[in-house]
>>> print(open('protein-v3.pdb').read())   # PDB, C-alpha atoms, pLDDT in the B column
ATOM      1  CA  GLN A  40       0.000   0.000   0.000  1.00 92.00           C
ATOM      2  CA  PHE A  41       0.998   3.628  -0.586  1.00 94.00           C
ATOM      3  CA  ASN A  42       0.181   6.629   1.562  1.00 94.00           C
ATOM      4  CA  ALA A  43      -1.833   9.467   0.058  1.00 90.00           C
ATOM      5  CA  ASP A  44       1.018  11.192  -1.786  1.00 93.00           C
ATOM      6  CA  GLY A  45       3.151   8.162  -2.680  1.00 94.00           C
ATOM      7  CA  THR A  46       6.068   9.055  -0.420  1.00 96.00           C
ATOM      8  CA  LYS A  47       5.500   6.013   1.791  1.00 96.00           C
ATOM      9  CA  PHE A  48       5.033   2.352   0.946  1.00 94.00           C
ATOM     10  CA  PHE A  49       3.920  -0.551   3.159  1.00 96.00           C
ATOM     11  CA  ALA A  50       4.306  -4.307   2.732  1.00 93.00           C
ATOM     12  CA  MET A  51       3.577  -7.385   4.834  1.00 90.00           C
ATOM     13  CA  GLY A  52       5.189 -10.801   4.871  1.00 78.00           C
ATOM     14  CA  TYR A  53       4.740 -14.253   6.336  1.00 72.00           C
ATOM     15  CA  GLN A  54       8.291 -14.637   7.621  1.00 73.00           C
ATOM     16  CA  GLY A  55       8.334 -11.454   9.678  1.00 72.00           C
ATOM     17  CA  ASP A  56       4.609 -11.299  10.513  1.00 88.00           C
ATOM     18  CA  ASP A  57       4.821  -7.536  10.453  1.00 93.00           C
ATOM     19  CA  VAL A  58       3.893  -4.392   8.539  1.00 95.00           C
ATOM     20  CA  ASN A  59       7.004  -2.838   7.009  1.00 95.00           C
ATOM     21  CA  GLU A  60       7.236   0.886   6.313  1.00 97.00           C
ATOM     22  CA  TYR A  61       9.420   2.457   3.631  1.00 97.00           C
ATOM     23  CA  THR A  62       9.917   6.053   2.502  1.00 97.00           C
ATOM     24  CA  LEU A  63      10.304   6.934  -1.175  1.00 96.00           C
ATOM     25  CA  SER A  64      12.420   9.976  -2.028  1.00 96.00           C
ATOM     26  CA  THR A  65      10.603  10.118  -5.364  1.00 94.00           C
ATOM     27  CA  ALA A  66       6.865   9.538  -4.981  1.00 93.00           C
ATOM     28  CA  TYR A  67       5.652   6.160  -6.275  1.00 92.00           C
ATOM     29  CA  ASP A  68       9.162   5.209  -7.435  1.00 91.00           C
ATOM     30  CA  LEU A  69      10.105   1.993  -5.598  1.00 90.00           C
ATOM     31  CA  THR A  70      13.733   2.265  -6.717  1.00 92.00           C
ATOM     32  CA  THR A  71      14.091   5.218  -4.314  1.00 95.00           C
ATOM     33  CA  TYR A  72      12.902   3.383  -1.191  1.00 95.00           C
ATOM     34  CA  THR A  73      14.489   3.415   2.265  1.00 97.00           C
ATOM     35  CA  PHE A  74      13.357   1.048   5.029  1.00 97.00           C
ATOM     36  CA  VAL A  75      12.050   2.962   8.036  1.00 96.00           C
ATOM     37  CA  ASP A  76      10.403   0.683  10.575  1.00 94.00           C
ATOM     38  CA  SER A  77       8.150  -2.322  11.082  1.00 94.00           C
ATOM     39  CA  TYR A  78       5.228  -3.122  13.338  1.00 95.00           C
ATOM     40  CA  ASP A  79       4.976  -6.638  14.738  1.00 94.00           C
ATOM     41  CA  ILE A  80       1.523  -8.227  14.274  1.00 94.00           C
ATOM     42  CA  SER A  81       2.559 -11.778  15.197  1.00 91.00           C
ATOM     43  CA  GLY A  82       0.487 -11.572  18.369  1.00 90.00           C
ATOM     44  CA  LYS A  83      -2.635 -11.601  16.198  1.00 91.00           C
ATOM     45  CA  THR A  84      -1.604 -13.575  13.128  1.00 86.00           C
ATOM     46  CA  ASP A  85       1.274 -15.418  11.515  1.00 83.00           C
ATOM     47  CA  GLN A  86      -0.269 -15.347   8.029  1.00 85.00           C
ATOM     48  CA  PRO A  87      -1.079 -11.711   7.138  1.00 89.00           C
ATOM     49  CA  GLU A  88      -2.692 -11.363   3.719  1.00 88.00           C
ATOM     50  CA  GLY A  89      -4.609  -8.087   3.302  1.00 91.00           C
ATOM     51  CA  LEU A  90      -3.770  -4.532   4.374  1.00 95.00           C
ATOM     52  CA  ASP A  91      -5.630  -1.233   4.157  1.00 97.00           C
ATOM     53  CA  PHE A  92      -5.489   2.206   5.782  1.00 97.00           C
ATOM     54  CA  LYS A  93      -7.890   4.994   6.578  1.00 98.00           C
ATOM     55  CA  PRO A  94      -7.074   7.772   4.062  1.00 96.00           C
ATOM     56  CA  ASP A  95      -5.287   9.860   6.710  1.00 97.00           C
ATOM     57  CA  GLY A  96      -3.275   6.857   7.908  1.00 97.00           C
ATOM     58  CA  THR A  97      -4.540   6.935  11.489  1.00 98.00           C
ATOM     59  CA  GLU A  98      -6.264   3.534  11.263  1.00 98.00           C
ATOM     60  CA  MET A  99      -4.791   0.319   9.830  1.00 98.00           C
ATOM     61  CA  TYR A 100      -6.587  -2.942   9.052  1.00 97.00           C
ATOM     62  CA  VAL A 101      -5.213  -6.451   8.499  1.00 95.00           C
ATOM     63  CA  VAL A 102      -6.900  -9.681   7.396  1.00 92.00           C
ATOM     64  CA  THR A 103      -5.217 -13.043   7.560  1.00 87.00           C
ATOM     65  CA  ARG A 104      -5.203 -16.410   5.915  1.00 82.00           C
ATOM     66  CA  GLY A 105      -6.177 -19.069   8.417  1.00 80.00           C
ATOM     67  CA  ASP A 106      -8.981 -17.300  10.267  1.00 85.00           C
ATOM     68  CA  SER A 107     -11.997 -15.053   9.692  1.00 89.00           C
ATOM     69  CA  ASN A 108     -10.752 -12.055  11.682  1.00 92.00           C
ATOM     70  CA  VAL A 109     -10.151  -8.413  10.819  1.00 95.00           C
ATOM     71  CA  HIS A 110      -7.646  -6.668  13.097  1.00 96.00           C
ATOM     72  CA  GLN A 111      -7.698  -2.896  13.573  1.00 98.00           C
ATOM     73  CA  TYR A 112      -4.782  -0.749  14.759  1.00 98.00           C
ATOM     74  CA  THR A 113      -4.698   2.966  15.603  1.00 98.00           C
ATOM     75  CA  LEU A 114      -1.709   5.100  14.603  1.00 98.00           C
ATOM     76  CA  SER A 115      -1.218   8.260  16.668  1.00 98.00           C
ATOM     77  CA  THR A 116       0.768   9.663  13.732  1.00 97.00           C
ATOM     78  CA  GLY A 117      -0.727   8.901  10.355  1.00 97.00           C
ATOM     79  CA  PHE A 118       1.183   6.328   8.269  1.00 97.00           C
ATOM     80  CA  ASP A 119       3.866   5.944  10.961  1.00 97.00           C
ATOM     81  CA  VAL A 120       3.714   2.285  12.019  1.00 97.00           C
ATOM     82  CA  SER A 121       6.014   2.928  14.983  1.00 96.00           C
ATOM     83  CA  THR A 122       3.029   4.715  16.576  1.00 97.00           C
ATOM     84  CA  ALA A 123       0.569   1.850  15.972  1.00 97.00           C
ATOM     85  CA  SER A 124      -1.327   0.120  18.753  1.00 97.00           C
ATOM     86  CA  PHE A 125      -3.864  -2.695  18.586  1.00 97.00           C
ATOM     87  CA  THR A 126      -7.459  -1.492  18.853  1.00 97.00           C
ATOM     88  CA  ARG A 127      -9.909  -4.325  18.213  1.00 97.00           C
ATOM     89  CA  THR A 128     -10.729  -7.507  16.285  1.00 96.00           C
ATOM     90  CA  PHE A 129     -13.876  -8.221  14.316  1.00 95.00           C
ATOM     91  CA  ASP A 130     -14.768 -11.834  13.521  1.00 94.00           C
ATOM     92  CA  THR A 131     -16.581 -11.973  10.195  1.00 90.00           C
ATOM     93  CA  SER A 132     -17.625 -15.589  10.913  1.00 88.00           C
ATOM     94  CA  ARG A 133     -17.637 -16.068   7.162  1.00 84.00           C
ATOM     95  CA  ASP A 134     -14.391 -17.541   5.796  1.00 77.00           C
ATOM     96  CA  ASN A 135     -11.122 -18.792   7.203  1.00 78.00           C
ATOM     97  CA  TYR A 136      -9.079 -17.680   4.192  1.00 82.00           C
ATOM     98  CA  CYS A 137      -9.384 -13.896   4.037  1.00 87.00           C
ATOM     99  CA  HIS A 138      -7.039 -12.471   1.416  1.00 87.00           C
ATOM    100  CA  GLY A 139      -7.861  -8.814   0.785  1.00 91.00           C
ATOM    101  CA  ILE A 140      -9.610  -5.913   2.496  1.00 95.00           C
ATOM    102  CA  ARG A 141     -10.773  -2.508   1.230  1.00 97.00           C
ATOM    103  CA  PHE A 142     -12.953   0.306   2.546  1.00 98.00           C
ATOM    104  CA  LYS A 143     -15.254   2.832   0.982  1.00 97.00           C
ATOM    105  CA  PRO A 144     -13.437   6.196   1.260  1.00 96.00           C
ATOM    106  CA  ASP A 145     -15.821   7.418   3.978  1.00 97.00           C
ATOM    107  CA  GLY A 146     -15.306   4.289   6.095  1.00 98.00           C
ATOM    108  CA  THR A 147     -18.951   3.199   6.095  1.00 98.00           C
ATOM    109  CA  LYS A 148     -18.435   0.109   3.921  1.00 98.00           C
ATOM    110  CA  MET A 149     -15.886  -2.710   4.238  1.00 98.00           C
ATOM    111  CA  TYR A 150     -15.108  -5.350   1.605  1.00 97.00           C
ATOM    112  CA  ILE A 151     -13.269  -8.625   2.179  1.00 95.00           C
ATOM    113  CA  CYS A 152     -12.317 -11.147  -0.475  1.00 91.00           C
ATOM    114  CA  ALA A 153     -11.980 -14.736   0.637  1.00 84.00           C
ATOM    115  CA  SER A 154     -11.573 -18.268  -0.608  1.00 78.00           C
ATOM    116  CA  ASP A 155     -11.744 -21.652   1.077  1.00 66.00           C
ATOM    117  CA  PHE A 156     -10.194 -23.249  -2.039  1.00 54.00           C
ATOM    118  CA  THR A 157     -13.328 -25.357  -2.561  1.00 51.00           C
ATOM    119  CA  SER A 158     -16.508 -23.318  -2.904  1.00 54.00           C
ATOM    120  CA  ALA A 159     -16.311 -19.834  -1.345  1.00 66.00           C
ATOM    121  CA  ASP A 160     -14.658 -17.541  -3.889  1.00 87.00           C
ATOM    122  CA  GLN A 161     -16.211 -14.149  -3.315  1.00 91.00           C
ATOM    123  CA  THR A 162     -15.990 -10.620  -1.976  1.00 94.00           C
ATOM    124  CA  ASP A 163     -18.315  -9.870   0.961  1.00 94.00           C
ATOM    125  CA  GLN A 164     -19.735  -6.414   1.679  1.00 97.00           C
ATOM    126  CA  TYR A 165     -20.245  -5.001   5.197  1.00 97.00           C
ATOM    127  CA  THR A 166     -21.774  -1.785   6.574  1.00 98.00           C
ATOM    128  CA  LEU A 167     -20.141   0.062   9.485  1.00 98.00           C
ATOM    129  CA  SER A 168     -22.661   2.098  11.484  1.00 98.00           C
ATOM    130  CA  THR A 169     -19.734   4.112  12.862  1.00 98.00           C
ATOM    131  CA  ALA A 170     -17.219   4.915  10.158  1.00 98.00           C
ATOM    132  CA  TRP A 171     -13.874   3.105  10.463  1.00 98.00           C
ATOM    133  CA  ASP A 172     -14.943   1.220  13.612  1.00 98.00           C
ATOM    134  CA  ILE A 173     -15.022  -2.471  12.670  1.00 98.00           C
ATOM    135  CA  SER A 174     -16.835  -3.375  15.899  1.00 97.00           C
ATOM    136  CA  THR A 175     -19.923  -1.782  14.296  1.00 98.00           C
ATOM    137  CA  ALA A 176     -19.675  -3.847  11.095  1.00 97.00           C
ATOM    138  CA  SER A 177     -22.520  -6.043   9.894  1.00 97.00           C
ATOM    139  CA  PHE A 178     -22.701  -8.262   6.825  1.00 95.00           C
ATOM    140  CA  ASP A 179     -24.939  -6.798   4.111  1.00 96.00           C
ATOM    141  CA  SER A 180     -25.885 -10.234   2.789  1.00 95.00           C
ATOM    142  CA  VAL A 181     -24.159  -9.102  -0.391  1.00 96.00           C
ATOM    143  CA  SER A 182     -21.376 -11.163  -1.980  1.00 94.00           C
ATOM    144  CA  LEU A 183     -19.778 -10.827  -5.397  1.00 94.00           C
ATOM    145  CA  ASP A 184     -19.101 -14.332  -6.716  1.00 91.00           C
ATOM    146  CA  HIS A 185     -15.707 -14.666  -8.453  1.00 91.00           C
ATOM    147  CA  SER A 186     -15.859 -18.391  -9.182  1.00 87.00           C
ATOM    148  CA  SER A 187     -16.407 -17.835 -12.902  1.00 88.00           C
ATOM    149  CA  GLN A 188     -13.232 -15.755 -13.031  1.00 88.00           C
ATOM    150  CA  ASP A 189     -10.894 -17.312 -10.460  1.00 80.00           C
ATOM    151  CA  SER A 190     -10.971 -19.775  -7.565  1.00 78.00           C
ATOM    152  CA  VAL A 191      -8.502 -17.808  -5.402  1.00 81.00           C
ATOM    153  CA  PRO A 192      -9.304 -14.075  -5.165  1.00 86.00           C
ATOM    154  CA  ASN A 193      -6.150 -12.639  -3.625  1.00 88.00           C
ATOM    155  CA  ASP A 194      -6.861  -8.922  -3.532  1.00 91.00           C
ATOM    156  CA  ILE A 195      -9.459  -6.313  -4.479  1.00 94.00           C
ATOM    157  CA  LEU A 196      -9.490  -2.632  -5.477  1.00 95.00           C
ATOM    158  CA  PHE A 197     -11.924   0.123  -6.432  1.00 96.00           C
ATOM    159  CA  ASN A 198     -11.297   3.003  -8.762  1.00 94.00           C
ATOM    160  CA  ASP A 199     -11.561   6.539  -7.378  1.00 92.00           C
ATOM    161  CA  ASP A 200     -15.343   6.869  -7.622  1.00 95.00           C
ATOM    162  CA  GLY A 201     -16.348   3.274  -6.843  1.00 96.00           C
ATOM    163  CA  THR A 202     -17.790   2.516 -10.269  1.00 97.00           C
ATOM    164  CA  LYS A 203     -15.035   0.033 -11.127  1.00 97.00           C
ATOM    165  CA  PHE A 204     -13.942  -2.956  -9.073  1.00 96.00           C
ATOM    166  CA  TYR A 205     -10.903  -5.166  -9.641  1.00 96.00           C
ATOM    167  CA  MET A 206     -10.032  -8.652  -8.398  1.00 92.00           C
ATOM    168  CA  LEU A 207      -6.555 -10.187  -8.476  1.00 90.00           C
ATOM    169  CA  GLY A 208      -6.824 -13.899  -9.211  1.00 86.00           C
ATOM    170  CA  GLY A 209      -4.249 -16.197  -7.673  1.00 78.00           C
ATOM    171  CA  ALA A 210      -5.159 -19.336  -9.618  1.00 80.00           C
ATOM    172  CA  GLY A 211      -5.535 -17.979 -13.133  1.00 79.00           C
ATOM    173  CA  HIS A 212      -3.010 -15.139 -12.710  1.00 84.00           C
ATOM    174  CA  THR A 213      -5.384 -12.487 -14.013  1.00 88.00           C
ATOM    175  CA  ILE A 214      -6.982  -9.213 -12.968  1.00 91.00           C
ATOM    176  CA  SER A 215     -10.742  -9.182 -13.442  1.00 92.00           C
ATOM    177  CA  GLU A 216     -12.596  -5.893 -13.900  1.00 95.00           C
ATOM    178  CA  TYR A 217     -16.219  -5.282 -12.925  1.00 96.00           C
ATOM    179  CA  THR A 218     -18.483  -2.292 -13.571  1.00 97.00           C
ATOM    180  CA  LEU A 219     -20.812  -1.079 -10.793  1.00 98.00           C
ATOM    181  CA  SER A 220     -23.984   0.741 -11.806  1.00 98.00           C
ATOM    182  CA  THR A 221     -24.228   2.012  -8.213  1.00 98.00           C
ATOM    183  CA  ALA A 222     -20.929   3.143  -6.737  1.00 98.00           C
ATOM    184  CA  TYR A 223     -19.481   0.878  -4.026  1.00 98.00           C
ATOM    185  CA  GLN A 224     -22.515  -1.418  -4.177  1.00 98.00           C
ATOM    186  CA  LEU A 225     -21.347  -4.932  -5.080  1.00 97.00           C
ATOM    187  CA  SER A 226     -24.867  -6.102  -5.827  1.00 97.00           C
ATOM    188  CA  SER A 227     -24.774  -3.803  -8.872  1.00 98.00           C
ATOM    189  CA  ALA A 228     -21.505  -5.262 -10.236  1.00 97.00           C
ATOM    190  CA  SER A 229     -21.224  -6.900 -13.638  1.00 97.00           C
ATOM    191  CA  PHE A 230     -18.129  -8.557 -15.070  1.00 95.00           C
ATOM    192  CA  SER A 231     -16.414  -6.481 -17.767  1.00 95.00           C
ATOM    193  CA  THR A 232     -13.073  -7.929 -18.780  1.00 93.00           C
ATOM    194  CA  GLU A 233     -10.063  -9.950 -17.687  1.00 90.00           C
ATOM    195  CA  THR A 234      -6.343  -9.308 -18.197  1.00 89.00           C
ATOM    196  CA  SER A 235      -3.554 -11.860 -17.814  1.00 87.00           C
ATOM    197  CA  ILE A 236      -0.529 -10.836 -15.765  1.00 82.00           C
ATOM    198  CA  VAL A 237       3.048 -12.045 -15.932  1.00 78.00           C
ATOM    199  CA  GLY A 238       4.413 -14.318 -13.205  1.00 72.00           C
ATOM    200  CA  TRP A 239       3.016 -16.379 -10.347  1.00 70.00           C
ATOM    201  CA  GLU A 240       2.044 -15.985  -6.700  1.00 71.00           C
ATOM    202  CA  HIS A 241       0.817 -12.389  -6.895  1.00 79.00           C
ATOM    203  CA  THR A 242      -0.916 -11.714  -3.587  1.00 81.00           C
ATOM    204  CA  ALA A 243      -1.622  -7.965  -3.628  1.00 85.00           C
ATOM    205  CA  MET A 244      -2.112  -5.005  -5.943  1.00 86.00           C
ATOM    206  CA  THR A 245      -2.478  -1.245  -5.663  1.00 86.00           C
ATOM    207  CA  PHE A 246      -2.761   1.809  -7.882  1.00 82.00           C
ATOM    208  CA  ALA A 247      -0.080   4.470  -8.184  1.00 76.00           C
ATOM    209  CA  ASN A 248      -0.088   7.767 -10.039  1.00 73.00           C
ATOM    210  CA  GLY A 249       0.997   7.295 -13.641  1.00 65.00           C
ATOM    211  CA  GLY A 250       4.305   8.687 -14.852  1.00 58.00           C
ATOM    212  CA  SER A 251       5.425  10.173 -18.146  1.00 56.00           C
ATOM    213  CA  ALA A 252       7.142   7.979 -20.702  1.00 53.00           C
ATOM    214  CA  SER A 253      10.811   8.824 -21.222  1.00 57.00           C
ATOM    215  CA  ASN A 254      13.902   7.344 -22.845  1.00 56.00           C
ATOM    216  CA  ASP A 255      14.530   5.493 -19.575  1.00 55.00           C
ATOM    217  CA  ASN A 256      11.173   3.759 -19.138  1.00 50.00           C
ATOM    218  CA  TYR A 257       9.803   3.309 -22.666  1.00 48.00           C
ATOM    219  CA  ILE A 258      10.647   0.652 -25.251  1.00 47.00           C
ATOM    220  CA  GLY A 259       9.305   0.716 -28.794  1.00 43.00           C
ATOM    221  CA  ILE A 260      10.020  -2.245 -31.061  1.00 40.00           C
ATOM    222  CA  SER A 261       9.114  -2.033 -34.728  1.00 35.00           C
ATOM    223  CA  GLN A 262       8.802  -5.207 -36.772  1.00 37.00           C
ATOM    224  CA  GLY A 263       8.564  -5.023 -40.543  1.00 39.00           C
ATOM    225  CA  GLY A 264       7.024  -1.589 -40.379  1.00 37.00           C
ATOM    226  CA  LYS A 265       3.644  -3.195 -39.586  1.00 36.00           C
ATOM    227  CA  GLN A 266       3.523  -3.933 -35.871  1.00 35.00           C
ATOM    228  CA  THR A 267       4.666  -2.021 -32.808  1.00 33.00           C
ATOM    229  CA  LEU A 268       5.125  -3.490 -29.356  1.00 30.00           C
ATOM    230  CA  LYS A 269       5.098  -0.975 -26.527  1.00 35.00           C
ATOM    231  CA  SER A 270       5.678  -1.606 -22.852  1.00 33.00           C
ATOM    232  CA  ILE A 271       6.175   0.591 -19.842  1.00 33.00           C
ATOM    233  CA  LEU A 272       8.810  -0.855 -17.496  1.00 32.00           C
TER     234      LEU A 272
END
>>> encode(input="protein-v3.pdb", output="structure tokens")
Amino acid sequence: QFNADGTKFFAMGYQGDDVNEYTLSTAYDLTTYTFVDSYDISGKTDQPEGLDFKPDGTEMYVVTRGDSNVHQYTLSTGFDVSTASFTRTFDTSRDNYCHGIRFKPDGTKMYICASDFTSADQTDQYTLSTAWDISTASFDSVSLDHSSQDSVPNDILFNDDGTKFYMLGGAGHTISEYTLSTAYQLSSASFSTETSIVGWEHTAMTFANGGSASNDNYIGISQGGKQTLKSIL
């Protein structure tokens, strides 16, 4: 995950069971990173999978493979994990393989993608009666079924206005796109398209601000004057 202006980046891992914080001297450019600190979450989970923040960075949320819990942490300084402290746990009582978590920007909706590797391959939608407080969450009886696209939904994302929804598939190695006729309402979602991605074992995704193509990051290959292959590195 990035912070709001792309000058910080956060990653989790099984081996450390922690949230790692990095600063980026050039926003959204991972080649400019410096490790800052980490926050140990091993007391709650040893298999962290999904991570999300309140937009100001003062609340942090983690879901884990192996149980149905969402863990919430409060940061006294936004996006500074050294100031984090455990707040509360919410048991979804839905799936024991939670992979990704996202919130509506105002904190009144929570979305969790999960898979039990047999039948439950969906994203569940919850309402929070008090924004950003997971103890007030209740299941909306709304689930977006991903089984036709992928059996292992690893992560989820919305676009800026909630009219597009994306699912990262761990089995088929694709990103599926859905269109929502009502913003942030999964019951209004319809499948749009699917894009294959390179490599294996992708477990998370996020958006960053786009950059301008230059001689350093753009390759153009012309073949026979008829076809052009373009890729941004």
>>> residues_near_point(input="protein-v3.pdb", point="(-21.1, 0.1, 10.8)", cutoff="9 Å", atoms="only C-alpha atoms", output="list in words")
Gly146, Thr147, Lys148, Met149, Tyr165, Thr166, Leu167, Ser168, Thr169, Ala170, Trp171, Asp172, Ile173, Ser174, Thr175, Ala176 and Ser177 of chain A
>>> closest_residue(input="protein-v3.pdb", among="A:Gly89, A:Gly211, A:Ala247, A:Phe204", to="Lys47 in chain A", atoms="all atoms listed in the file")
A:Ala247
>>> residues_near_point(input="protein-v3.pdb", point="(7.4, -13.5, 6.0)", cutoff="12 Å", atoms="only C-alpha atoms", output="list in words")
Ala50, Met51, Gly52, Tyr53, Gln54, Gly55, Asp56, Asp57, Val58, Asn59, Asp79, Ile80, Ser81, Thr84, Asp85, Gln86, Pro87 and Glu88 of chain A
>>> write_last_selection(input="protein-v3.pdb", atoms="C-alpha atoms", output="CSV table (one decimal), keeping the file's coordinate frame")
chain,number,residue,atom,x,y,z
A,50,ALA,CA,4.3,-4.3,2.7
A,51,MET,CA,3.6,-7.4,4.8
A,52,GLY,CA,5.2,-10.8,4.9
A,53,TYR,CA,4.7,-14.3,6.3
A,54,GLN,CA,8.3,-14.6,7.6
A,55,GLY,CA,8.3,-11.5,9.7
A,56,ASP,CA,4.6,-11.3,10.5
A,57,ASP,CA,4.8,-7.5,10.5
A,58,VAL,CA,3.9,-4.4,8.5
A,59,ASN,CA,7.0,-2.8,7.0
A,79,ASP,CA,5.0,-6.6,14.7
A,80,ILE,CA,1.5,-8.2,14.3
A,81,SER,CA,2.6,-11.8,15.2
A,84,THR,CA,-1.6,-13.6,13.1
A,85,ASP,CA,1.3,-15.4,11.5
A,86,GLN,CA,-0.3,-15.3,8.0
A,87,PRO,CA,-1.1,-11.7,7.1
A,88,GLU,CA,-2.7,-11.4,3.7
>>> atom_distance(input="protein-v3.pdb", atom1="CA of Thr234 in chain A", atom2="CA of Val191 in chain A")
15.5 Å
>>> closest_residue(input="protein-v3.pdb", among="A:Gly238, A:Tyr217, A:Thr46, A:Lys83", to="Thr71 in chain A", atoms="only C-alpha atoms")
A:Thr46
>>> atom_distance(input="protein-v3.pdb", atom1="CA of Asp145 in chain A", atom2="CA of Phe230 in chain A")
25.0 Å
>>> resolve_selection(input="protein-v3.pdb", expression="the PyMOL selection byres ((chain A and resi 195) around 9)", output="ChimeraX atom specification")
/A:138-141,150-152,162,192-194,196-197,204-207,243-245
>>> resolve_selection(input="protein-v3.pdb", expression="the PyMOL selection byres ((chain A and resi 185) around 9)", output="number ranges by chain")
A: 159-162, 183-184, 186-192, 206, 208, 215
>>> closest_residue(input="protein-v3.pdb", among="A:Asn135, A:Phe129, A:Ser229, A:Val181", to="Lys203 in chain A", atoms="only C-alpha atoms")
A:Ser229
>>> resolve_selection(input="protein-v3.pdb", expression="the PyMOL selection byres ((chain A and resi 109) around 6)", output="list of chain:residue names")
A:Val101, A:Val102, A:Asn108, A:His110, A:Thr128, A:Phe129
>>> closest_residue(input="protein-v3.pdb", among="A:Thr62, A:Ser124, A:Thr221, A:Ser226", to="Asn42 in chain A", atoms="all atoms listed in the file")
A:Thr62
>>> atom_distance(input="protein-v3.pdb", atom1="CA of Asp95 in chain A", atom2="CA of Asp199 in chain A")
15.8 Å
